[in-house]
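Below is one structure, written out as structure tokens; the observations come after it.
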Amino acid sequence: MKKNIYIVEDNEDIRDLIGYILIGDDYNVTMCPDASSFAEAIKTGQPDVIVLDIMLPDGNGIEICKQLKADQQYANIPVILMSANAHKKEVFKESHAEDFISKPFNIDDFQSRVESYLD
Amino acid sequence: MEKQIPLNLFALTSIIDDLDDAVFSHDLNNLITSWNKGAQQLLGYAAAEIIGKNIHAIIPARLEQEQADILNKVKLDQFKERLTSSRLRKDGKEVPVAMKAYPIKNEAGQLAGVSYRMQRLGPAKLIDEKNNVLAAIIEGSEDAIISKTLDGIITTWNRAASRIFGYTEAEMIGQSITKLIPSHRMEEEGKIISNIRAGNRVDHFETTRLHKLGYELDISLTISPIKDLDGTVIGASKIARDITEEKRAKELINQQVKKLEILNSIGKLISEKMDVEFILQKVTDATTQIVGAAFGAFFYNTINEAGESFMLYTLSGAPREAFDKLGMPRNTAVFDPTFKGERVVRVDDITKDPRYGKNSPHFGMPKGHLPVVSYLAVPVVSTTGNVLGGLFFGHPEPGRFKVEHEDLVVSLASQASVALDNSKLFEEVKDLSRKKDEFIALATHELKTPLTTMSGYMQLLQKKVSDEKNTVFINKAINQLAKLHTLITDLFDIAKIQAGKLQLNKEQIELTGFLEEIIESLQATSSTHKLNYSYEKPIWIKGDKIRLEQVVANLVGNAIKYSPKADQVEIEVKLKDNEAIVAVKDKGLGISKENLQNIFSQFYRVEGVNSNISGLGLGLYISKEIIERHQGHITVESEYKQGSVFSFRLPVIEKEIETERH
């Protein structure tokens, strides 16, 4: 069965870029441009890993992650937080996210990190 | 022969009279029979008053036995030695003497009397002069000088004693010293006397004594024992200084010092603190204390629709409830000048003031108001002339507030208004600073988003292009994007440092392993230089991994950048004096002495070395800040054209065993 990767990122060009990086037949990639569309998508979907941008137009990735980790239904899904502010890394621990990627990123590094949570 | 005798006697008499020594005699009935001028000088009696009197008039009572002994010896013709003793003067004082006694025999050779030759002990003239000088000093003294017997009977009393205590010498000689001692201090005298008996001095003993008119004087006493020739204590001399004025002055100084201390501390507080409520509370408390008011308050000038309301802001010396039911003051005749900032109102008894009690509904203070009689109100006016409010003080007793209190409050009120103005500015600056922080965060995001896209697509292209020439172009673009990224990051780091917002997330780090990883990844980015890493043993430190990595990357990056002709960089970790020392050595261009001083400054770039080397000169400044925030130091040693060694030192910690979390 194909693994499900959820990408929550408001910038269209970055979403496309990630789409190209993760292109292939190994997994399904679900793109969410904001917090509310992610909330909708997660109701029906079964993500295996979530890549979550911190600065979203309608929410904050850290807060969303905290909510996910507090909810038994989602608590086990790995979350990779992503931010242009490298020092948000200082606060990612308290959100209980599994990983952190700072922007800009190396695309190989990005791919291997995401895939590392899919086994 | 018979005629010769009187002549000889005559001559003898005048010779004897001319002697400096005292020469006198008495018969067997102890009646004085002769008395020369020397005797008059020594003992004060003229020959006419003493001849025919008993010799015991000049013998101190305690020496009567000695006198009896002298007589016995003279009778037996055994008195040969010179005897030192003492004799009573006409004025009752004793005088130390040296003497010899001789038998007087009649023609029959029988003892008919005794004659004495006496000298004052010591150089008589000098002692007299000294005595005169001493007497003059004692009389002229500003301090009371009194002597008394051990029973407390006053024996001498100088002029200053009369002035200080109000009694004349005649009134006090022979009186008991207790006349001067207040009843509640009676036990002091016993203690003083027992000290004196033991031969001790009592020095600068501060106490009170009674004036003739019955009031107490603050005095400082110095009491010394008076000893006789044998060293026996026979009395005490007492120097009393009136320190009433001195004490009053001291108290006044203490009060002023206390006021100054309050002023100083309040001045410091209000210049340090930027919190309006805090400043006003402190000013209210301090001013209430300084003016000695029972209560004080600050009212804000908040104009309501009716244009006349004032809000209680801070209160000192009374609970807030005391005001709750009263309603706020209005611009009545009493309050108006304060809230209009016109002048200070200071009244000894406000209830008797013509402005008081003119307004309905209360016609005076409302029921339940704090009992204000003394009243002081000082407007607090901002530097721009706005009346911020007023400081009000009240006291239940009349006449409490003096002009000096008014002056103090006025000066504090002006200080407070400056502080209030500042705190308003500070609030604005704080707001601006918050906006700046928001801007930094937003700008970081906005600049890095296109950078992320560009760098991402370039990396995708790099994978797809196989043409060698195009790969070179793409690599150049990717490198430049990486530089752009570094510059943006550095600029925002600077902004954070300057805003005091550079946050460190410190954890325990094993330094040598941590560096090894960093150096491995840095090695991957350099094809020109080999990074040689060496260390001795594991070292634990506490630090922010991201920030320390930034420092190492900066130092190694510089080492590579500034040694274009070299192919190696040494990184060495050492442990010395409880400090970890990380040194990054290159064999590059080096730095001249004048450039070394500024190397860690913001925007500083070593000039003229190589125009191809890019950068804004922010890296070392940021590194220095980061290391110093880790309680460390960063230093550089360099020789021009030989190379440089950049080192940083960090305090070493004992590794704590991390407790497992369940």
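Please note that chains go A, B, ... in the order of the structure tokens, that every chain numbers its residues from 1, and that ligands are numbered from 1 in the order shown.
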Please determine the contact residues of chain A with respect to chain B at a cut-off of 7 Å, counting only C-alpha atoms, and supply them as a compact mmCIF listing (two decimals) with N, CA, C and O atoms, in the first residue's frame.
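The file below, out.txt, is the result:
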# COMPACT_ATOMS: atom_id res chain seq x y z
N ASP A 13 4.81 28.00 -5.03
CA ASP A 13 6.05 27.58 -5.68
C ASP A 13 6.79 26.53 -4.85
O ASP A 13 7.38 25.59 -5.38
N ILE A 14 6.75 26.70 -3.55
CA ILE A 14 7.43 25.72 -2.68
C ILE A 14 6.66 24.40 -2.70
O ILE A 14 7.26 23.32 -2.72
N LEU A 17 7.64 22.74 -5.80
CA LEU A 17 9.01 22.25 -5.66
C LEU A 17 9.02 20.92 -4.91
O LEU A 17 9.64 19.93 -5.35
N ALA A 84 11.34 29.17 7.67
CA ALA A 84 12.41 29.98 7.10
C ALA A 84 13.26 30.57 8.22
O ALA A 84 14.40 30.97 8.00
N ASN A 85 12.68 30.61 9.40
CA ASN A 85 13.45 31.10 10.54
C ASN A 85 14.13 29.92 11.23
O ASN A 85 13.52 29.18 11.98
N GLU A 90 14.54 26.18 17.89
CA GLU A 90 14.63 26.22 19.34
C GLU A 90 13.31 25.88 20.01
O GLU A 90 13.28 25.44 21.14
N LYS A 103 14.32 26.38 5.97
CA LYS A 103 14.32 26.83 4.57
C LYS A 103 15.43 27.86 4.40
O LYS A 103 15.58 28.70 5.29
N PRO A 104 16.12 27.95 3.32
CA PRO A 104 16.07 26.99 2.20
C PRO A 104 16.71 25.66 2.60
O PRO A 104 17.49 25.61 3.53
N PHE A 105 16.37 24.60 1.84
CA PHE A 105 16.87 23.29 2.20
C PHE A 105 17.56 22.63 1.02
O PHE A 105 17.38 23.03 -0.13
N ILE A 107 17.59 19.63 -1.39
CA ILE A 107 16.47 18.79 -1.79
C ILE A 107 16.71 17.31 -1.48
O ILE A 107 15.78 16.58 -1.14
Inset, instruction - Please provide the set of residues having any atom within 8 Å of Thr156 (chain B), restricted to only C-alpha atoms, with same-chain residues fewer than 4 positions apart removed, written as a ChimeraX atom specification. - result: /B:145-148,169,173
Would you write out those residues with all heavy atoms, as a PDB file, in the first residue's frame?
ATOM      1  N   ILE B 145      33.869  72.692  84.997  1.00  0.00           N
ATOM      2  CA  ILE B 145      34.851  71.855  85.674  1.00  0.00           C
ATOM      3  C   ILE B 145      34.532  71.890  87.163  1.00  0.00           C
ATOM      4  O   ILE B 145      34.496  72.960  87.783  1.00  0.00           O
ATOM      5  CB  ILE B 145      36.291  72.324  85.388  1.00  0.00           C
ATOM      6  CG1 ILE B 145      36.547  72.245  83.873  1.00  0.00           C
ATOM      7  CG2 ILE B 145      37.302  71.461  86.153  1.00  0.00           C
ATOM      8  CD1 ILE B 145      37.865  72.823  83.441  1.00  0.00           C
ATOM      9  N   ILE B 146      34.238  70.725  87.671  1.00  0.00           N
ATOM     10  CA  ILE B 146      33.761  70.623  89.048  1.00  0.00           C
ATOM     11  C   ILE B 146      34.603  69.560  89.733  1.00  0.00           C
ATOM     12  O   ILE B 146      34.921  68.542  89.119  1.00  0.00           O
ATOM     13  CB  ILE B 146      32.283  70.161  89.063  1.00  0.00           C
ATOM     14  CG1 ILE B 146      31.420  71.124  88.239  1.00  0.00           C
ATOM     15  CG2 ILE B 146      31.750  70.038  90.486  1.00  0.00           C
ATOM     16  CD1 ILE B 146      30.077  70.537  87.858  1.00  0.00           C
ATOM     17  N   SER B 147      34.945  69.772  91.007  1.00  0.00           N
ATOM     18  CA  SER B 147      35.550  68.666  91.722  1.00  0.00           C
ATOM     19  C   SER B 147      34.689  68.350  92.922  1.00  0.00           C
ATOM     20  O   SER B 147      33.948  69.193  93.431  1.00  0.00           O
ATOM     21  CB  SER B 147      36.989  68.967  92.119  1.00  0.00           C
ATOM     22  OG  SER B 147      37.023  70.144  92.886  1.00  0.00           O
ATOM     23  N   LYS B 148      34.758  67.105  93.321  1.00  0.00           N
ATOM     24  CA  LYS B 148      33.904  66.682  94.432  1.00  0.00           C
ATOM     25  C   LYS B 148      34.641  65.619  95.232  1.00  0.00           C
ATOM     26  O   LYS B 148      35.586  64.997  94.748  1.00  0.00           O
ATOM     27  CB  LYS B 148      32.589  66.124  93.880  1.00  0.00           C
ATOM     28  CG  LYS B 148      32.812  64.877  93.013  1.00  0.00           C
ATOM     29  CD  LYS B 148      31.529  64.308  92.465  1.00  0.00           C
ATOM     30  CE  LYS B 148      31.868  63.095  91.609  1.00  0.00           C
ATOM     31  NZ  LYS B 148      30.752  62.569  90.863  1.00  0.00           N
ATOM     32  N   GLU B 169      28.912  79.603  92.205  1.00  0.00           N
ATOM     33  CA  GLU B 169      29.896  78.842  92.967  1.00  0.00           C
ATOM     34  C   GLU B 169      29.460  78.766  94.432  1.00  0.00           C
ATOM     35  O   GLU B 169      29.454  77.698  95.043  1.00  0.00           O
ATOM     36  CB  GLU B 169      31.267  79.516  92.836  1.00  0.00           C
ATOM     37  CG  GLU B 169      32.381  78.763  93.514  1.00  0.00           C
ATOM     38  CD  GLU B 169      33.742  79.450  93.332  1.00  0.00           C
ATOM     39  OE1 GLU B 169      33.808  80.528  92.714  1.00  0.00           O
ATOM     40  OE2 GLU B 169      34.748  78.887  93.812  1.00  0.00           O
ATOM     41  N   ILE B 173      29.230  75.045  96.301  1.00  0.00           N
ATOM     42  CA  ILE B 173      30.318  74.480  97.106  1.00  0.00           C
ATOM     43  C   ILE B 173      29.720  73.918  98.400  1.00  0.00           C
ATOM     44  O   ILE B 173      28.916  74.564  99.055  1.00  0.00           O
ATOM     45  CB  ILE B 173      31.389  75.550  97.435  1.00  0.00           C
ATOM     46  CG1 ILE B 173      32.025  76.095  96.159  1.00  0.00           C
ATOM     47  CG2 ILE B 173      32.433  75.010  98.429  1.00  0.00           C
ATOM     48  CD1 ILE B 173      33.168  75.325  95.592  1.00  0.00           C
TER      49      ILE B 173
END
Inset, instruction - Run DSSP on the backbone and grab whatever in region 202-295 of chain B lands in helix (DSSP H, G or I); send it over as an MDAnalysis selection string. - result: chainID B and resid 244:272 276:291
Inset, instruction - Identify, with DSSP run on backbone atoms, the residues in chain A assigned to strand (DSSP E), and express the list as an MDAnalysis selection string. - result: chainID A and resid 3:8 27:32 49:53 55:56 59:60 79:83 99:102
Inset, instruction - Please provide as a PyMOL selection string all residues within 10 Å of region 39-56 of chain A, with the sequence filter that same-chain residues fewer than 5 positions apart are discarded (counting only C-alpha atoms). - result: (chain A and resi 2-11+27-34+61-65+74+76-85+88+92+97-103+114-119) or (chain B and resi 442+445)
Legend entry - Contacts of Asp407 (chain B) at 12 Å (only C-alpha atoms; same-chain gap of 6+ positions) as a PyMOL selection string: chain B and resi 287+290-291+344-346+376-378+401+413-414
Would you save the residues from that selection as a short mmCIF file (atom, residue, chain, number, x, y, z; two decimals), in the first residue's frame, using N, CA, C and O atoms?
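Listing of selection.cif after writing:
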data_model
loop_
_atom_site.label_atom_id
_atom_site.label_comp_id
_atom_site.auth_asym_id
_atom_site.auth_seq_id
_atom_site.Cartn_x
_atom_site.Cartn_y
_atom_site.Cartn_z
N THR B 287 7.22 60.78 49.60
CA THR B 287 6.89 62.15 49.97
C THR B 287 6.08 62.16 51.26
O THR B 287 6.28 63.02 52.11
N ILE B 290 8.60 61.74 53.98
CA ILE B 290 9.48 62.90 54.14
C ILE B 290 8.77 64.05 54.84
O ILE B 290 9.32 64.68 55.74
N VAL B 291 7.54 64.33 54.46
CA VAL B 291 6.86 65.47 55.08
C VAL B 291 6.25 65.08 56.41
O VAL B 291 5.75 65.92 57.14
N VAL B 344 1.23 75.66 44.81
CA VAL B 344 1.19 74.76 45.96
C VAL B 344 0.24 75.37 46.99
O VAL B 344 0.23 76.58 47.19
N VAL B 345 -0.56 74.52 47.60
CA VAL B 345 -1.41 75.01 48.70
C VAL B 345 -0.91 74.35 49.98
O VAL B 345 -0.87 73.13 50.08
N ARG B 346 -0.50 75.19 50.93
CA ARG B 346 -0.03 74.66 52.21
C ARG B 346 -0.74 75.42 53.32
O ARG B 346 -0.64 76.64 53.42
N LEU B 376 -1.38 69.88 52.57
CA LEU B 376 -0.37 70.29 51.60
C LEU B 376 -0.71 69.65 50.27
O LEU B 376 -0.96 68.44 50.20
N ALA B 377 -0.80 70.44 49.22
CA ALA B 377 -1.13 69.92 47.90
C ALA B 377 -0.18 70.52 46.88
O ALA B 377 0.01 71.73 46.83
N VAL B 378 0.46 69.63 46.10
CA VAL B 378 1.46 70.08 45.13
C VAL B 378 1.07 69.57 43.74
O VAL B 378 0.90 68.37 43.56
N PHE B 401 3.02 70.88 58.24
CA PHE B 401 3.86 71.03 57.04
C PHE B 401 4.52 72.40 56.98
O PHE B 401 3.86 73.41 57.10
N ALA B 413 8.17 66.18 42.98
CA ALA B 413 7.07 66.18 42.00
C ALA B 413 7.62 66.46 40.61
O ALA B 413 7.19 65.85 39.63
N SER B 414 8.61 67.35 40.53
CA SER B 414 9.14 67.66 39.20
C SER B 414 9.95 66.48 38.66
O SER B 414 9.89 66.15 37.48
#
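Among the candidates B:Ala583, B:Ile599, B:Ala144, B:Ala495, the residue lying nearest to Arg649 (chain B) is B:Ala583 (atoms considered: only C-alpha atoms).
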